[in-house]
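Chemist: Sharing final_12.txt below, compact mmCIF, C-alpha atoms:
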# COMPACT_ATOMS: atom_id res chain seq x y z
CA MET J 1 247.39 12.55 132.32
CA SER J 2 250.26 15.00 132.04
CA TRP J 3 250.26 18.22 134.04
CA ASN J 4 251.99 21.40 132.91
CA PRO J 5 252.66 23.70 135.88
CA ASP J 6 253.22 26.75 133.67
CA GLN J 7 249.93 26.19 131.83
CA TYR J 8 248.07 25.70 135.11
CA LEU J 9 249.58 28.86 136.64
CA LYS J 10 248.58 31.09 133.72
CA PHE J 11 245.47 31.86 135.77
CA ALA J 12 247.02 31.56 139.22
CA GLU J 13 244.95 34.30 140.86
CA PRO J 14 241.42 33.06 140.00
CA ARG J 15 242.52 29.48 140.77
CA LEU J 16 243.80 30.54 144.20
CA ARG J 17 240.77 32.54 145.27
CA PRO J 18 238.39 29.60 145.98
CA ALA J 19 241.20 27.84 147.84
CA LEU J 20 241.53 30.86 150.13
CA ASP J 21 237.75 31.08 150.52
CA LEU J 22 237.72 27.47 151.69
CA LEU J 23 240.64 28.08 154.06
CA SER J 24 238.82 31.02 155.66
CA ARG J 25 236.00 28.71 156.78
CA ILE J 26 238.25 26.27 158.69
CA GLY J 27 237.96 26.97 162.41
CA LEU J 28 240.90 24.89 163.67
CA GLU J 29 243.26 26.74 166.01
CA ALA J 30 246.31 24.49 166.28
CA PRO J 31 246.14 21.32 164.16
CA ALA J 32 249.14 19.04 164.51
CA GLN J 33 248.78 16.98 161.32
CA VAL J 34 247.75 18.76 158.10
CA HIS J 35 247.55 17.12 154.66
CA ASP J 36 246.94 18.88 151.35
CA LEU J 37 245.57 16.32 148.88
CA GLY J 38 246.24 17.23 145.27
CA CYS J 39 248.63 20.00 146.25
CA GLY J 40 249.79 20.72 142.68
CA THR J 41 252.47 23.41 142.67
CA GLY J 42 252.11 23.87 146.42
CA SER J 43 250.86 27.46 146.46
CA LEU J 44 248.15 26.67 148.99
CA THR J 45 250.25 24.15 150.92
CA ARG J 46 252.68 26.91 151.78
CA ILE J 47 249.80 29.09 152.98
CA LEU J 48 248.61 26.22 155.19
CA ALA J 49 252.11 25.97 156.66
CA GLN J 50 252.18 29.72 157.29
CA ARG J 51 248.79 29.71 159.00
CA TRP J 52 249.73 26.83 161.31
CA PRO J 53 253.50 27.16 161.82
CA ASP J 54 253.65 24.38 164.43
CA ALA J 55 251.82 21.80 162.31
CA GLN J 56 253.39 18.97 160.36
CA VAL J 57 252.25 19.80 156.82
CA SER J 58 252.42 17.47 153.82
CA GLY J 59 251.52 18.07 150.20
CA ILE J 60 250.42 15.01 148.26
CA ASP J 61 250.18 14.80 144.47
CA ASP J 62 250.80 12.20 141.77
CA SER J 63 252.34 14.63 139.25
CA ALA J 64 256.14 14.76 139.31
CA PRO J 65 256.30 18.08 137.38
CA MET J 66 253.85 19.72 139.79
CA LEU J 67 255.79 18.51 142.85
CA ALA J 68 259.09 19.58 141.30
CA LYS J 69 257.65 23.07 140.91
CA ALA J 70 256.38 22.95 144.51
CA ALA J 71 259.78 21.92 145.85
CA GLU J 72 261.61 24.82 144.17
CA GLN J 73 260.91 26.93 147.24
CA PRO J 74 262.66 25.75 150.40
CA GLY J 75 260.62 25.09 153.51
CA ARG J 76 259.52 22.53 156.05
CA ILE J 77 256.70 20.96 153.99
CA LEU J 78 256.92 17.25 153.22
CA TRP J 79 256.17 16.72 149.51
CA VAL J 80 254.82 13.25 148.75
CA ARG J 81 254.31 11.77 145.30
CA GLN J 82 251.40 9.36 145.51
CA ASN J 83 248.19 8.53 143.73
CA LEU J 84 245.39 10.19 145.69
CA ALA J 85 243.15 7.14 145.33
CA SER J 86 245.59 5.01 147.35
CA TRP J 87 246.65 7.65 149.88
CA ALA J 88 246.01 7.04 153.56
CA ALA J 89 246.90 9.28 156.48
CA PRO J 90 249.89 7.82 158.36
CA GLN J 91 248.08 8.67 161.61
CA PRO J 92 244.73 10.31 162.42
CA ALA J 93 244.79 13.75 160.84
CA ASP J 94 243.60 17.06 162.23
CA LEU J 95 243.00 18.54 158.78
CA ILE J 96 242.60 16.94 155.39
CA TYR J 97 242.41 19.77 152.87
CA SER J 98 241.80 19.35 149.14
CA ASN J 99 241.37 22.12 146.61
CA ALA J 100 240.22 21.22 143.08
CA ALA J 101 241.50 17.64 143.16
CA LEU J 102 238.97 15.09 144.40
CA HIS J 103 236.77 15.39 141.30
CA TRP J 104 239.47 13.36 139.55
CA LEU J 105 238.65 10.38 141.80
CA PRO J 106 235.60 8.10 141.37
CA GLU J 107 233.11 6.66 143.86
CA HIS J 108 232.59 9.71 146.06
CA ALA J 109 229.96 7.85 148.09
CA ALA J 110 232.78 5.68 149.43
CA LEU J 111 235.66 8.16 149.16
CA PHE J 112 234.30 10.93 151.37
CA PRO J 113 233.32 8.73 154.34
CA ALA J 114 236.72 7.03 154.05
CA LEU J 115 238.47 10.38 154.34
CA MET J 116 236.35 11.26 157.37
CA ARG J 117 237.44 8.05 159.06
CA GLN J 118 241.07 9.14 158.70
CA LEU J 119 240.48 12.23 160.85
CA ALA J 120 241.09 12.44 164.56
CA PRO J 121 237.97 13.27 166.62
CA GLY J 122 237.24 16.94 166.00
CA GLY J 123 239.37 16.90 162.84
CA VAL J 124 238.21 18.66 159.69
CA LEU J 125 237.78 17.58 156.08
CA ALA J 126 237.82 20.69 153.87
CA VAL J 127 237.17 20.22 150.14
CA GLN J 128 236.59 22.41 147.13
CA MET J 129 235.70 20.92 143.76
CA PRO J 130 234.66 22.51 140.47
CA ARG J 131 231.04 21.88 139.51
CA ASN J 132 231.12 23.51 136.11
CA PHE J 133 230.94 20.37 134.00
CA LEU J 134 227.59 21.24 132.37
CA ALA J 135 228.76 24.73 131.39
CA PRO J 136 229.78 25.47 127.77
CA SER J 137 233.47 25.36 128.72
CA HIS J 138 233.11 21.63 129.30
CA THR J 139 230.18 20.61 127.10
CA ALA J 140 232.07 22.11 124.15
CA ILE J 141 234.78 19.51 124.75
CA ALA J 142 232.26 16.69 124.36
CA GLU J 143 230.73 18.33 121.31
CA THR J 144 234.16 18.66 119.70
CA VAL J 145 235.00 15.04 120.53
CA LEU J 146 231.87 13.82 118.75
CA ASP J 147 232.38 16.03 115.70
CA GLY J 148 235.68 15.08 114.15
CA PRO J 149 238.08 12.35 112.97
CA TRP J 150 239.30 11.88 116.56
CA ARG J 151 235.96 10.56 117.80
CA ALA J 152 237.01 6.90 118.03
CA LEU J 153 240.07 7.81 120.10
CA LEU J 154 238.40 10.29 122.43
CA GLU J 155 234.81 9.15 122.94
CA PRO J 156 235.82 6.54 125.58
CA LEU J 157 237.09 9.44 127.72
CA LEU J 158 233.66 11.06 127.89
CA ALA J 159 231.89 10.50 131.21
CA PRO J 160 229.08 11.97 133.32
CA PRO J 161 229.96 14.95 135.53
CA PRO J 162 232.29 13.67 138.29
CA VAL J 163 230.87 15.87 141.06
CA ALA J 164 227.43 15.06 142.47
CA GLU J 165 224.69 17.39 143.62
CA PRO J 166 225.44 18.98 147.02
CA ALA J 167 222.67 17.04 148.77
CA HIS J 168 224.47 13.77 148.04
CA TYR J 169 227.55 14.92 149.93
CA PHE J 170 225.35 15.84 152.87
CA GLU J 171 223.91 12.31 152.94
CA TRP J 172 227.35 10.70 152.68
CA LEU J 173 229.03 12.87 155.32
CA GLU J 174 226.32 13.67 157.86
CA PRO J 175 226.54 10.30 159.72
CA HIS J 176 230.22 11.01 160.45
CA ALA J 177 230.09 14.74 161.11
CA GLU J 178 229.59 16.80 164.22
CA GLN J 179 229.36 19.92 162.05
CA LEU J 180 228.77 20.03 158.31
CA ASP J 181 228.78 23.07 156.04
CA ILE J 182 228.19 22.70 152.29
CA TRP J 183 227.75 25.57 149.86
CA GLU J 184 228.31 26.63 146.27
CA THR J 185 229.77 29.81 144.81
CA GLU J 186 229.77 30.90 141.18
CA TYR J 187 232.70 33.17 140.46
CA LEU J 188 232.54 35.59 137.55
CA GLN J 189 236.15 35.15 136.50
CA VAL J 190 237.67 37.85 134.31
CA LEU J 191 240.32 36.29 132.10
CA THR J 192 242.82 37.94 129.80
CA GLY J 193 244.64 36.70 126.73
CA ARG J 194 243.73 35.05 123.45
CA ASP J 195 241.43 32.01 123.62
CA ALA J 196 241.20 32.57 127.36
CA VAL J 197 238.68 29.84 128.24
CA LYS J 198 240.46 27.30 126.04
CA GLU J 199 243.71 28.16 127.79
CA TRP J 200 241.99 27.73 131.16
CA THR J 201 240.66 24.26 130.39
CA LYS J 202 243.97 23.31 128.74
CA GLY J 203 245.48 23.59 132.21
CA THR J 204 243.03 21.02 133.61
CA TRP J 205 240.12 19.11 132.04
CA LEU J 206 241.07 19.46 128.37
CA THR J 207 244.53 17.98 128.94
CA GLN J 208 243.37 14.36 129.13
CA PHE J 209 241.87 14.65 125.65
CA LEU J 210 244.93 16.31 124.15
CA ASP J 211 247.19 13.68 125.70
CA ALA J 212 245.25 10.92 123.92
CA LEU J 213 245.91 12.30 120.43
CA PRO J 214 248.94 12.17 118.14
CA GLU J 215 250.06 15.15 116.14
CA PRO J 216 248.74 16.75 113.96
CA MET J 217 245.35 15.56 115.20
CA ARG J 218 246.03 17.04 118.64
CA THR J 219 246.60 20.52 117.19
CA ASP J 220 243.50 20.24 115.01
CA PHE J 221 241.34 19.14 117.94
CA GLU J 222 242.58 21.99 120.13
CA ALA J 223 241.84 24.50 117.36
CA ALA J 224 238.34 23.07 116.78
CA TYR J 225 237.56 23.28 120.49
CA ALA J 226 238.94 26.82 120.65
CA ARG J 227 236.57 27.93 117.88
CA ARG J 228 233.57 26.29 119.54
CA VAL J 229 234.22 27.51 123.07
CA GLY J 230 235.16 30.97 121.80
CA LEU J 231 231.61 31.39 120.49
CA ALA J 232 230.24 30.59 123.94
CA TYR J 233 232.59 33.02 125.69
CA PRO J 234 233.37 35.84 123.26
CA PRO J 235 235.95 38.38 124.42
CA ARG J 236 234.75 41.85 125.33
CA ALA J 237 235.77 44.93 123.38
CA ASP J 238 238.56 45.49 125.92
CA GLY J 239 239.95 42.00 125.25
CA ARG J 240 238.89 40.47 128.55
CA THR J 241 236.68 37.37 128.73
CA LEU J 242 234.01 36.76 131.36
CA PHE J 243 233.99 33.14 132.51
CA PRO J 244 231.40 32.17 135.16
CA PHE J 245 232.63 29.18 137.14
CA ARG J 246 230.71 27.25 139.83
CA ARG J 247 232.48 25.51 142.70
CA LEU J 248 231.29 23.25 145.53
CA PHE J 249 232.66 23.68 149.05
CA ILE J 250 232.52 21.24 151.97
CA VAL J 251 233.76 21.70 155.53
CA ALA J 252 233.01 18.70 157.76
CA ARG J 253 234.18 18.28 161.37
CA ARG J 254 234.36 14.68 162.57
CA ARG J 255 232.40 13.61 165.65
Written as structure tokens, how would this file's structure read?

Modeler:
Amino acid sequence: MSWNPDQYLKFAEPRLRPALDLLSRIGLEAPAQVHDLGCGTGSLTRILAQRWPDAQVSGIDDSAPMLAKAAEQPGRILWVRQNLASWAAPQPADLIYSNAALHWLPEHAALFPALMRQLAPGGVLAVQMPRNFLAPSHTAIAETVLDGPWRALLEPLLAPPPVAEPAHYFEWLEPHAEQLDIWETEYLQVLTGRDAVKEWTKGTWLTQFLDALPEPMRTDFEAAYARRVGLAYPPRADGRTLFPFRRLFIVARRR
């Protein structure tokens, strides 16, 4: 899947807010080893480095364009290009932080305990993932896939929601955790611009479907999705679009 940093950053402020909300719930005073999994353009990685100036901070991502954007600003952060599924901490970590990335990986029942085992005693796993996959923004993608000449190409990409119910994460993490805090927040995001929700998903979930299509089918699919999702999220009279978005948060401290 290709990532476009400029497309992703069209909505930089609402994308950053849950990352900061997660960061505010991390009680570590002076972690030595900090890893940001799925760092993207590095906006939050730099904030992690500012909060803990004595820590060794790394940003890990498998997108070369995203990491190139991250590295445009000088600093002491180590940027690492690697597939998140194969990443392993080089030594026990004090903080493994991941904002809006782990939903791209399968088998969470195995993944989350494995990440906990890579923490030093007292280390923290802090994760935020979108849990909006049954909202019209995402169900409209599936509906569009099944209602057009692109169906044969795109239907294999359809899958159940990648993020489980919160109680599952409690069951998977509780045996490894001294402290465990799991919660959800639904943000009422106020977006601006034409086809705002389509432009939002085009920066993330929609991209994999667009990448699978040749032109002009790609343009036609994007337009068909824009019409469908625009009915679910009509712009207000002032041009702004209200886009409720649910996110799951996890902060787990290892025993």

Chemist: Which residue is closest to Gln118 in chain J? Choose from J:Ala93, J:Leu102, J:Leu231, J:Ile141 and count only C-alpha atoms.

Modeler: J:Ala93

Chemist: Under the rule that only C-alpha atoms are counted, which of J:Asn83, J:Thr185, J:Thr41, J:Ser63 is the nearest residue to Leu248 in chain J?

Modeler: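 Comparing J:Asn83, J:Thr185, J:Thr41, J:Ser63 against Leu248 in chain J, the winner is J:Thr185.
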
Chemist: Just give me the gap between CA of Glu199 in chain J and CA of Ser24 in chain J in Å, one decimal is fine.

Modeler: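 These atoms are spaced 28.4 Å apart.
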
Chemist: Please list as a list of chain:residue names every residue within 10 Å of range 87-90 of chain J, counting all atoms listed in the file and excluding residues in the same chain fewer than 2 positions away.

Modeler: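 Near range 87-90 of chain J, the qualifying residues are J:Gln33, J:Val34, J:His35, J:Leu37, J:Ile60, J:Asp61, J:Val80, J:Arg81, J:Gln82, J:Asn83, J:Leu84, J:Ala85, J:Pro92, J:Ala93, J:Ile96, J:Ala114, J:Leu115, J:Arg117, J:Gln118, J:Leu119.
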
Chemist: Within 12 Å of range 206-223 of chain J, counting only C-alpha atoms, which residues qualify if same-chain residues fewer than 6 places away don't, as a PDB file with C-alpha atoms, in the coordinates of the input?

Modeler:
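Below you can see out-v4.pdb, which holds the result:
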ATOM      1  CA  MET J   1     247.390  12.550 132.320  1.00  0.00           C
ATOM      2  CA  SER J   2     250.260  15.000 132.040  1.00  0.00           C
ATOM      3  CA  TRP J   3     250.260  18.220 134.040  1.00  0.00           C
ATOM      4  CA  ASN J   4     251.990  21.400 132.910  1.00  0.00           C
ATOM      5  CA  GLN J   7     249.930  26.190 131.830  1.00  0.00           C
ATOM      6  CA  TYR J   8     248.070  25.700 135.110  1.00  0.00           C
ATOM      7  CA  TRP J 104     239.470  13.360 139.550  1.00  0.00           C
ATOM      8  CA  PHE J 133     230.940  20.370 134.000  1.00  0.00           C
ATOM      9  CA  SER J 137     233.470  25.360 128.720  1.00  0.00           C
ATOM     10  CA  HIS J 138     233.110  21.630 129.300  1.00  0.00           C
ATOM     11  CA  THR J 139     230.180  20.610 127.100  1.00  0.00           C
ATOM     12  CA  ALA J 140     232.070  22.110 124.150  1.00  0.00           C
ATOM     13  CA  ILE J 141     234.780  19.510 124.750  1.00  0.00           C
ATOM     14  CA  ALA J 142     232.260  16.690 124.360  1.00  0.00           C
ATOM     15  CA  GLU J 143     230.730  18.330 121.310  1.00  0.00           C
ATOM     16  CA  THR J 144     234.160  18.660 119.700  1.00  0.00           C
ATOM     17  CA  VAL J 145     235.000  15.040 120.530  1.00  0.00           C
ATOM     18  CA  LEU J 146     231.870  13.820 118.750  1.00  0.00           C
ATOM     19  CA  ASP J 147     232.380  16.030 115.700  1.00  0.00           C
ATOM     20  CA  GLY J 148     235.680  15.080 114.150  1.00  0.00           C
ATOM     21  CA  PRO J 149     238.080  12.350 112.970  1.00  0.00           C
ATOM     22  CA  TRP J 150     239.300  11.880 116.560  1.00  0.00           C
ATOM     23  CA  ARG J 151     235.960  10.560 117.800  1.00  0.00           C
ATOM     24  CA  ALA J 152     237.010   6.900 118.030  1.00  0.00           C
ATOM     25  CA  LEU J 153     240.070   7.810 120.100  1.00  0.00           C
ATOM     26  CA  LEU J 154     238.400  10.290 122.430  1.00  0.00           C
ATOM     27  CA  GLU J 155     234.810   9.150 122.940  1.00  0.00           C
ATOM     28  CA  PRO J 156     235.820   6.540 125.580  1.00  0.00           C
ATOM     29  CA  LEU J 157     237.090   9.440 127.720  1.00  0.00           C
ATOM     30  CA  LEU J 158     233.660  11.060 127.890  1.00  0.00           C
ATOM     31  CA  ASP J 195     241.430  32.010 123.620  1.00  0.00           C
ATOM     32  CA  VAL J 197     238.680  29.840 128.240  1.00  0.00           C
ATOM     33  CA  LYS J 198     240.460  27.300 126.040  1.00  0.00           C
ATOM     34  CA  GLU J 199     243.710  28.160 127.790  1.00  0.00           C
ATOM     35  CA  TRP J 200     241.990  27.730 131.160  1.00  0.00           C
ATOM     36  CA  VAL J 229     234.220  27.510 123.070  1.00  0.00           C
ATOM     37  CA  GLY J 230     235.160  30.970 121.800  1.00  0.00           C
TER      38      GLY J 230
END
